[in-house]
$ cat coords03.txt   # compact mmCIF, C-alpha atoms and all ligand atoms
# COMPACT_ATOMS: atom_id res chain seq x y z
CA MET A 540 20.43 -0.94 -16.54
CA ARG A 541 20.05 -0.19 -12.86
CA PRO A 542 16.47 0.32 -11.59
CA ALA A 543 16.82 4.02 -10.80
CA GLU A 544 18.39 4.71 -14.20
CA ALA A 545 15.61 2.85 -15.95
CA LEU A 546 12.97 4.84 -14.12
CA HIS A 547 14.52 8.14 -15.04
CA SER A 548 15.12 7.18 -18.63
CA ARG A 549 12.63 8.99 -20.80
CA SER A 550 13.63 7.22 -23.95
CA MET A 551 12.60 3.69 -23.08
CA THR A 552 9.91 2.01 -25.09
CA PRO A 553 7.60 -0.67 -23.71
CA ASP A 554 9.79 -3.26 -25.38
CA GLN A 555 12.84 -2.34 -23.39
CA VAL A 556 12.94 -4.12 -20.10
CA GLY A 557 15.86 -3.65 -17.73
CA ASP A 558 18.08 -6.65 -17.17
CA GLU A 559 17.57 -6.76 -13.40
CA PRO A 560 14.34 -8.08 -11.88
CA ARG A 561 12.39 -5.05 -10.79
CA HIS A 562 10.01 -6.74 -8.38
CA ILE A 563 8.20 -4.60 -5.81
CA LEU A 564 8.10 -6.90 -2.80
CA ASP A 565 8.44 -4.53 0.14
CA LEU A 566 9.16 -0.91 0.95
CA ARG A 567 11.61 -1.72 3.74
CA THR A 568 14.39 -2.64 1.35
CA THR A 569 13.39 -0.32 -1.50
CA PRO A 570 15.98 2.44 -1.94
CA VAL A 571 14.64 5.86 -0.99
CA ASP A 572 15.37 7.18 -4.51
CA ARG A 573 13.08 4.55 -5.97
CA LEU A 574 10.38 5.38 -3.40
CA ARG A 575 10.52 9.05 -4.34
CA ALA A 576 10.60 8.21 -8.05
CA LEU A 577 7.47 6.05 -7.71
CA LEU A 578 5.67 8.86 -5.90
CA ALA A 579 6.82 11.47 -8.42
CA GLN A 580 5.69 9.21 -11.25
CA THR A 581 2.29 8.88 -9.54
CA ARG A 582 2.00 12.64 -9.54
CA ARG A 583 2.87 12.86 -13.23
CA ILE A 584 0.29 10.19 -14.00
CA GLU A 585 -2.38 12.08 -12.07
CA THR A 586 -1.72 15.16 -14.16
CA ASP A 587 -1.33 13.30 -17.46
CA ALA A 588 -4.10 15.27 -19.10
CA ALA A 589 -2.86 14.34 -22.56
CA GLY A 590 -3.31 10.68 -21.76
CA GLU A 591 0.24 9.90 -22.89
CA LEU A 592 0.18 6.64 -21.00
CA ALA A 593 -2.90 5.17 -22.60
CA GLY A 594 -1.84 2.04 -24.40
CA VAL A 595 1.78 2.07 -23.27
CA LEU A 596 1.47 -1.58 -22.23
CA ALA A 597 -0.79 -2.54 -25.14
CA GLY A 598 -0.57 -6.21 -26.03
CA ARG A 599 1.12 -7.14 -22.71
CA PHE A 600 -0.39 -9.36 -20.03
CA VAL A 601 -0.65 -8.48 -16.34
CA ALA A 602 -1.75 -11.37 -14.11
CA ASN A 603 -3.67 -10.74 -10.91
CA LEU A 604 -3.18 -13.71 -8.56
CA PHE A 605 -5.39 -13.09 -5.55
CA PHE A 606 -5.50 -15.88 -2.99
CA GLU A 607 -7.15 -13.68 -0.35
CA PRO A 608 -10.24 -11.47 -0.55
CA SER A 609 -9.77 -7.98 -1.95
CA THR A 610 -11.96 -5.18 -3.24
CA ARG A 611 -9.88 -2.01 -3.61
CA THR A 612 -6.51 -3.54 -4.38
CA ARG A 613 -7.65 -6.03 -7.00
CA LEU A 614 -9.95 -3.61 -8.77
CA SER A 615 -7.41 -0.82 -8.80
CA PHE A 616 -4.63 -3.07 -10.14
CA THR A 617 -7.09 -4.08 -12.85
CA ALA A 618 -8.01 -0.46 -13.58
CA ALA A 619 -4.32 0.53 -13.61
CA ALA A 620 -3.39 -2.24 -16.05
CA ARG A 621 -6.28 -1.37 -18.35
CA ARG A 622 -5.48 2.33 -18.32
CA LEU A 623 -2.02 1.36 -19.56
CA GLY A 624 -3.57 -0.78 -22.27
CA ALA A 625 -2.55 -4.14 -20.81
CA GLU A 626 -4.74 -7.24 -20.80
CA VAL A 627 -5.52 -8.61 -17.34
CA LEU A 628 -5.39 -12.32 -16.53
CA ASP A 629 -7.47 -12.58 -13.39
CA LEU A 630 -7.04 -15.57 -11.13
CA MET A 631 -8.72 -15.96 -7.79
CA GLY A 632 -7.67 -18.68 -5.38
CA GLU A 633 -11.10 -20.26 -5.22
CA GLY A 634 -11.97 -21.81 -8.54
CA SER A 635 -8.35 -22.17 -9.66
CA SER A 636 -6.07 -25.19 -9.48
CA VAL A 637 -4.65 -23.81 -6.24
CA SER A 638 -7.73 -25.32 -4.59
CA LYS A 639 -6.49 -28.66 -6.05
CA GLY A 640 -3.17 -28.24 -4.28
CA GLU A 641 -1.07 -26.50 -6.92
CA THR A 642 1.72 -24.48 -5.34
CA LEU A 643 2.14 -20.73 -5.68
CA ALA A 644 5.43 -21.27 -7.51
CA ASP A 645 3.79 -23.57 -10.07
CA THR A 646 0.93 -21.12 -10.50
CA VAL A 647 3.41 -18.30 -11.16
CA ARG A 648 5.26 -20.40 -13.75
CA THR A 649 1.93 -21.25 -15.37
CA VAL A 650 0.75 -17.66 -15.79
CA GLU A 651 4.20 -16.69 -16.99
CA ALA A 652 4.07 -19.46 -19.60
CA ILE A 653 0.72 -18.05 -20.74
CA GLY A 654 2.45 -14.72 -21.28
CA ALA A 655 2.15 -12.63 -18.11
CA GLU A 656 5.02 -10.16 -17.75
CA VAL A 657 3.81 -8.49 -14.56
CA ILE A 658 2.40 -10.72 -11.83
CA VAL A 659 0.46 -9.15 -8.96
CA VAL A 660 0.24 -11.45 -5.94
CA ARG A 661 -1.90 -11.34 -2.82
CA HIS A 662 -1.57 -14.26 -0.44
CA SER A 663 -2.13 -14.98 3.25
CA ALA A 664 1.47 -16.15 3.83
CA SER A 665 4.08 -13.55 4.78
CA GLY A 666 6.93 -13.86 2.29
CA SER A 667 4.76 -15.31 -0.46
CA ALA A 668 5.53 -12.44 -2.85
CA ALA A 669 9.23 -13.27 -2.53
CA VAL A 670 8.44 -16.92 -3.22
CA ALA A 671 6.57 -15.85 -6.36
CA ALA A 672 9.48 -13.63 -7.42
CA ARG A 673 11.92 -16.53 -7.05
CA ALA A 674 9.65 -18.75 -9.13
CA ALA A 675 9.31 -16.23 -11.96
CA ALA A 676 11.80 -16.60 -14.80
CA ALA A 677 11.54 -13.12 -16.30
CA ALA A 678 8.21 -11.71 -15.11
CA VAL A 679 8.20 -9.06 -12.40
CA VAL A 680 6.20 -9.57 -9.23
CA ILE A 681 4.32 -6.84 -7.40
CA ASN A 682 3.29 -7.67 -3.86
CA ALA A 683 -0.39 -6.81 -3.32
CA GLY A 684 -0.26 -7.88 0.34
CA ASP A 685 1.49 -10.93 1.79
CA GLY A 686 0.15 -12.05 5.15
CA ALA A 687 1.13 -9.64 7.91
CA HIS A 688 4.35 -8.66 6.12
CA GLU A 689 3.89 -5.75 3.68
CA HIS A 690 1.52 -4.09 1.26
CA PRO A 691 3.87 -1.81 -0.65
CA THR A 692 1.45 -0.13 -3.07
CA GLN A 693 -0.84 0.69 -0.14
CA GLY A 694 2.12 2.24 1.69
CA LEU A 695 2.88 4.35 -1.37
CA LEU A 696 -0.68 5.53 -1.87
CA ASP A 697 -1.03 6.41 1.80
CA THR A 698 2.18 8.42 1.54
CA TYR A 699 0.98 10.15 -1.61
CA VAL A 700 -2.30 11.18 0.02
CA ILE A 701 -0.55 12.45 3.15
CA ALA A 702 1.97 14.40 1.06
CA GLU A 703 -0.86 15.96 -0.91
CA ALA A 704 -2.90 16.86 2.18
CA LEU A 705 0.08 18.31 4.05
CA GLY A 706 1.77 20.14 1.18
CA ARG A 707 4.70 17.78 0.63
CA LEU A 708 4.21 16.79 -3.01
CA ASP A 709 7.41 18.55 -4.10
CA GLY A 710 10.12 16.09 -3.25
CA PHE A 711 7.98 13.98 -0.91
CA ASP A 712 10.03 15.07 2.07
CA LEU A 713 8.07 14.26 5.25
CA THR A 714 10.60 15.78 7.65
CA GLY A 715 8.99 17.42 10.66
CA LEU A 716 5.77 15.42 10.46
CA ARG A 717 4.64 12.93 13.11
CA LEU A 718 2.57 10.14 11.58
CA GLY A 719 0.76 7.37 13.44
CA VAL A 720 -0.88 4.02 12.83
CA VAL A 721 -3.49 2.93 15.35
CA GLY A 722 -4.92 -0.40 16.43
CA ASP A 723 -4.03 -3.84 15.17
CA VAL A 724 -0.51 -2.98 14.07
CA ALA A 725 0.80 -6.47 14.84
CA HIS A 726 -1.25 -8.11 12.08
CA SER A 727 -1.17 -5.22 9.62
CA ARG A 728 0.90 -5.37 6.45
CA VAL A 729 -0.40 -1.87 5.70
CA ALA A 730 1.10 -0.55 8.93
CA ARG A 731 4.46 -2.18 8.19
CA SER A 732 4.67 -0.60 4.75
CA ASP A 733 3.44 2.77 6.04
CA LEU A 734 5.85 2.91 8.94
CA VAL A 735 8.93 2.11 6.87
CA VAL A 736 8.17 4.43 3.96
CA TRP A 737 7.18 7.36 6.19
CA ARG A 738 10.37 6.92 8.19
CA ALA A 739 12.50 6.62 5.04
CA LEU A 740 11.06 9.93 3.81
CA GLY A 741 11.93 11.67 7.07
CA ALA A 742 8.81 11.51 9.24
CA GLU A 743 8.70 10.62 12.89
CA THR A 744 6.49 7.55 13.23
CA VAL A 745 4.47 5.97 16.01
CA ALA A 746 2.51 2.75 16.40
CA ILE A 747 -0.35 3.08 18.86
CA GLY A 748 -2.39 0.29 20.38
CA PRO A 749 -2.72 -2.10 23.32
CA ALA A 750 0.43 -4.16 23.98
CA GLY A 751 -1.10 -7.26 22.37
CA LEU A 752 -1.67 -5.42 19.09
CA ALA A 753 1.18 -2.91 19.20
CA PRO A 754 4.10 -4.75 20.83
CA ALA A 755 7.37 -3.01 21.68
CA SER A 756 9.13 -5.16 19.07
CA LEU A 757 7.67 -2.83 16.41
CA GLU A 758 10.39 -0.37 17.39
CA ALA A 759 12.58 -2.36 15.00
CA LEU A 760 10.69 -0.49 12.25
CA GLY A 761 12.12 2.78 13.52
CA CYS A 762 8.89 3.93 15.19
CA ALA A 763 7.88 4.80 18.72
CA VAL A 764 5.32 2.49 20.32
CA GLU A 765 2.65 4.04 22.52
CA ALA A 766 -0.43 2.66 24.25
CA ASP A 767 -2.34 5.86 24.98
CA LEU A 768 -4.21 7.12 21.93
CA ASP A 769 -5.54 10.18 23.74
CA GLU A 770 -2.03 11.31 24.59
CA ALA A 771 -0.73 10.66 21.09
CA LEU A 772 -3.48 12.22 18.97
CA PRO A 773 -2.67 15.92 19.61
CA THR A 774 0.94 15.27 18.54
CA LEU A 775 0.07 13.78 15.14
CA ASP A 776 -0.18 15.26 11.64
CA ALA A 777 -1.87 12.17 10.22
CA VAL A 778 -3.30 9.00 11.64
CA GLN A 779 -4.05 5.72 9.87
CA MET A 780 -6.82 3.77 11.62
CA LEU A 781 -6.43 0.00 11.20
CA ARG A 782 -9.02 -2.74 11.06
CA VAL A 783 -8.82 -5.43 13.73
CA GLN A 784 -7.76 -8.50 11.74
CA ARG A 785 -9.57 -11.39 13.35
CA GLU A 786 -8.70 -13.59 10.36
CA ARG A 787 -5.04 -13.31 11.40
CA GLY A 788 -5.75 -14.14 15.02
CA ALA A 789 -6.11 -10.67 16.52
CA ASP A 790 -7.47 -10.86 20.02
CA THR A 791 -8.85 -7.60 21.29
CA GLY A 792 -9.96 -9.13 24.58
CA ALA A 793 -13.08 -7.24 25.44
CA LEU A 794 -14.05 -5.48 22.22
CA ARG A 795 -15.98 -2.88 24.20
CA GLU A 796 -12.84 -1.88 26.10
CA TYR A 797 -10.86 -1.79 22.85
CA THR A 798 -13.32 0.53 21.15
CA ASP A 799 -13.52 2.72 24.26
CA ARG A 800 -9.76 3.24 24.17
CA TYR A 801 -8.94 3.17 20.47
CA ARG A 802 -11.91 4.08 18.31
CA LEU A 803 -11.47 7.41 16.57
CA ASP A 804 -14.64 9.29 17.44
CA GLU A 805 -15.57 12.93 17.05
CA ALA A 806 -14.38 13.87 20.53
CA ARG A 807 -10.95 12.41 19.82
CA LEU A 808 -10.80 13.96 16.36
CA GLY A 809 -11.47 17.29 18.08
CA THR A 810 -8.19 16.96 20.01
CA MET A 811 -6.13 16.69 16.82
CA ARG A 812 -4.43 19.63 15.10
CA SER A 813 -6.80 21.43 12.76
CA THR A 814 -4.59 20.48 9.82
CA ALA A 815 -4.24 16.81 10.79
CA VAL A 816 -5.86 14.19 8.57
CA VAL A 817 -7.33 10.73 9.10
CA LEU A 818 -6.65 7.74 6.86
CA HIS A 819 -8.17 4.28 6.67
CA PRO A 820 -6.98 1.61 4.23
CA GLY A 821 -10.34 -0.21 4.13
CA PRO A 822 -12.24 -2.35 4.60
CA MET A 823 -13.68 -0.31 7.43
CA ASN A 824 -15.51 -1.71 10.39
CA ARG A 825 -17.60 1.33 11.16
CA GLY A 826 -18.17 1.78 14.86
CA VAL A 827 -15.18 -0.40 15.82
CA GLU A 828 -11.93 1.39 14.90
CA ILE A 829 -13.63 4.51 13.53
CA GLU A 830 -16.91 6.23 14.25
CA SER A 831 -19.11 6.49 11.18
CA THR A 832 -19.39 10.28 11.33
CA VAL A 833 -15.58 10.57 11.42
CA ALA A 834 -15.28 8.17 8.47
CA ASP A 835 -17.67 10.36 6.49
CA SER A 836 -16.13 13.67 7.52
CA PRO A 837 -13.91 15.70 5.15
CA ARG A 838 -11.00 15.07 7.53
CA CYS A 839 -11.04 11.37 6.59
CA LEU A 840 -9.24 10.73 3.31
CA ALA A 841 -10.27 7.09 2.82
CA GLU A 842 -11.92 7.77 -0.52
CA ARG A 843 -8.94 9.79 -1.74
CA GLN A 844 -6.76 6.81 -0.78
CA VAL A 845 -8.83 4.56 -3.03
CA ARG A 846 -8.59 7.04 -5.91
CA ALA A 847 -4.83 7.35 -5.49
CA GLY A 848 -4.58 3.56 -5.74
CA VAL A 849 -4.95 3.60 -9.52
CA PRO A 850 -2.10 6.02 -10.41
CA VAL A 851 0.14 4.49 -7.75
CA ARG A 852 -0.39 1.04 -9.26
CA MET A 853 0.15 2.41 -12.75
CA ALA A 854 3.45 3.87 -11.54
CA ALA A 855 4.35 0.55 -9.94
CA MET A 856 3.62 -1.37 -13.14
CA LEU A 857 5.58 1.06 -15.28
CA ASP A 858 8.48 0.93 -12.88
CA ALA A 859 8.37 -2.86 -12.67
CA ALA A 860 8.25 -3.12 -16.45
CA ALA A 861 10.97 -0.44 -16.74
CA VAL A 862 8.77 1.77 -18.89
CA ASN A 863 8.71 5.51 -18.51
CA ARG A 864 6.76 7.57 -20.97
CA LEU A 865 6.14 10.68 -18.87
N1 LIG B 1 -7.07 -3.99 2.81
C1 LIG B 1 -5.92 -3.97 3.68
C2 LIG B 1 -5.11 -5.25 3.51
O1 LIG B 1 -5.39 -6.03 2.64
C3 LIG B 1 -6.26 -3.71 5.10
C4 LIG B 1 -7.19 -4.67 5.76
O2 LIG B 1 -7.50 -5.73 5.24
O3 LIG B 1 -7.62 -4.35 6.88
O4 LIG B 1 -4.16 -5.44 4.23
$ encode --input "coords03.txt" --output "structure tokens" --more "lines below"
Ligand code: ASP
Amino acid sequence: MRPAEALHSRSMTPDQVGDEPRHILDLRTTPVDRLRALLAQTRRIETDAAGELAGVLAGRFVANLFFEPSTRTRLSFTAAARRLGAEVLDLMGEGSSVSKGETLADTVRTVEAIGAEVIVVRHSASGSAAVAARAAAAAVVINAGDGAHEHPTQGLLDTYVIAEALGRLDGFDLTGLRLGVVGDVAHSRVARSDLVVWRALGAETVAIGPAGLAPASLEALGCAVEADLDEALPTLDAVQMLRVQRERGADTGALREYTDRYRLDEARLGTMRSTAVVLHPGPMNRGVEIESTVADSPRCLAERQVRAGVPVRMAAMLDAAAVNRL
């Protein structure tokens, strides 16, 4: 069964798993039909008042392999798995045999041998989710952030929240919108996933930052690249403010100059369209990329992003496991 057919099949039971691997490794190569189906499934899950999905993965194991710190992503994958009735095998890099030199591939084979059917991987190396997918015999891998490459479920939840805020939930067509990511785009897997999914759904996209953090090479993602935040802000319908990722080598030069030019403060927010919204994937460095009062204002949807993380990850797990009960 082809992935799109599996997703639209209403008759599948949890025991029926499609014969193609249904990994979710990136959004760049995910067909637009599957992107829309994942978002539509998220919407159905959010309105699943009857709780039809409770227990749909009962008796199955989902493994969380997190080799990098995480708060929102790990907890919401756990919450998503539990809401579907699955058991969660939780492995964190520290304290596992990875700290004794075991490879990611061997770790994947180990959790699969224990019974994991869905394996969620976060790792500091770009491409590590694909390595995990190659190592898996039958389990499906969901990328929860691989280095500076992609963070597909974050890209989906950001899209969902934007579509909700801007009235695009029917069909998830973002045509006519101009959406921006600001700051340390070069090191951001969130930005990469956002930019490709927004573009695929029809939006005009722009990466904004100093040349060192928003290089012209990002144009390969189909976006414009701009250095002047003040010029860009009035043209945008939504803006995602990114954390400066010092752990990946980001150099902001003089931090003071960076915050002067790129921090979203109240004065800058005031230049945006009245309907425009602000996103932040977290963790937030208040006062650096975003002023605290902006972060706490109703225009900032950061908390809504976190809430959307659970249904998006439920949709991703159902899709990966080729289960559709709604
Ligand atoms: N939490 C996001 C990530 O894991 C963003 C960040 O760390 O700044 O990529």
$ residues_near_point --input "coords03.txt" --point "(-5.1, -1.5, -14.0)" --cutoff "10 Å" --atoms "all atoms listed in the file" --output "JSON, numbers by chain"
{"A": [601, 603, 612, 613, 614, 615, 616, 617, 618, 619, 620, 621, 622, 623, 624, 625, 626, 627, 848, 849, 850, 852, 853, 856]}
$ write_last_selection --input "coords03.txt" --atoms "C-alpha atoms" --output "PDB file, keeping the file's coordinate frame"
ATOM      1  CA  VAL A 601      -0.650  -8.480 -16.340  1.00  0.00           C
ATOM      2  CA  ASN A 603      -3.670 -10.740 -10.910  1.00  0.00           C
ATOM      3  CA  THR A 612      -6.510  -3.540  -4.380  1.00  0.00           C
ATOM      4  CA  ARG A 613      -7.650  -6.030  -7.000  1.00  0.00           C
ATOM      5  CA  LEU A 614      -9.950  -3.610  -8.770  1.00  0.00           C
ATOM      6  CA  SER A 615      -7.410  -0.820  -8.800  1.00  0.00           C
ATOM      7  CA  PHE A 616      -4.630  -3.070 -10.140  1.00  0.00           C
ATOM      8  CA  THR A 617      -7.090  -4.080 -12.850  1.00  0.00           C
ATOM      9  CA  ALA A 618      -8.010  -0.460 -13.580  1.00  0.00           C
ATOM     10  CA  ALA A 619      -4.320   0.530 -13.610  1.00  0.00           C
ATOM     11  CA  ALA A 620      -3.390  -2.240 -16.050  1.00  0.00           C
ATOM     12  CA  ARG A 621      -6.280  -1.370 -18.350  1.00  0.00           C
ATOM     13  CA  ARG A 622      -5.480   2.330 -18.320  1.00  0.00           C
ATOM     14  CA  LEU A 623      -2.020   1.360 -19.560  1.00  0.00           C
ATOM     15  CA  GLY A 624      -3.570  -0.780 -22.270  1.00  0.00           C
ATOM     16  CA  ALA A 625      -2.550  -4.140 -20.810  1.00  0.00           C
ATOM     17  CA  GLU A 626      -4.740  -7.240 -20.800  1.00  0.00           C
ATOM     18  CA  VAL A 627      -5.520  -8.610 -17.340  1.00  0.00           C
ATOM     19  CA  GLY A 848      -4.580   3.560  -5.740  1.00  0.00           C
ATOM     20  CA  VAL A 849      -4.950   3.600  -9.520  1.00  0.00           C
ATOM     21  CA  PRO A 850      -2.100   6.020 -10.410  1.00  0.00           C
ATOM     22  CA  ARG A 852      -0.390   1.040  -9.260  1.00  0.00           C
ATOM     23  CA  MET A 853       0.150   2.410 -12.750  1.00  0.00           C
ATOM     24  CA  MET A 856       3.620  -1.370 -13.140  1.00  0.00           C
TER      25      MET A 856
END
$ residues_near_ligand --input "coords03.txt" --ligand "ligand LIG 1 (chain B)" --cutoff "7 Å" --atoms "all atoms listed in the file" --output "ChimeraX atom specification"
/A:609,684,690,727-729,781-782,784,820-822
$ closest_residue --input "coords03.txt" --among "A:Ala759, A:Met780, A:Leu740, A:Leu752" --to "Gly710 (chain A)" --atoms "only C-alpha atoms"
A:Leu740
$ closest_residue --input "coords03.txt" --among "A:Thr698, A:Ser836, A:Thr692, A:Thr774" --to "Leu734 (chain A)" --atoms "all atoms listed in the file"
A:Thr698
$ residues_around --input "coords03.txt" --residues "Gly741 (chain A)" --least-positions-apart "6" --cutoff "7 Å" --atoms "all atoms listed in the file" --output "ChimeraX atom specification"
/A:712-714
$ atom_distance --input "coords03.txt" --atom1 "CA of Ala652 (chain A)" --atom2 "CA of Thr568 (chain A)"
28.8 Å
$ residues_near_point --input "coords03.txt" --point "(-2.7, 13.3, -14.4)" --cutoff "12 Å" --atoms "all atoms listed in the file" --output "list in words"
Ala579, Gln580, Thr581, Arg582, Arg583, Ile584, Glu585, Thr586, Asp587, Ala588, Ala589, Gly590, Glu591, Leu592, Ala593, Arg622, Ala847, Val849, Pro850, Val851, Met853, Ala854 and Leu865 of chain A
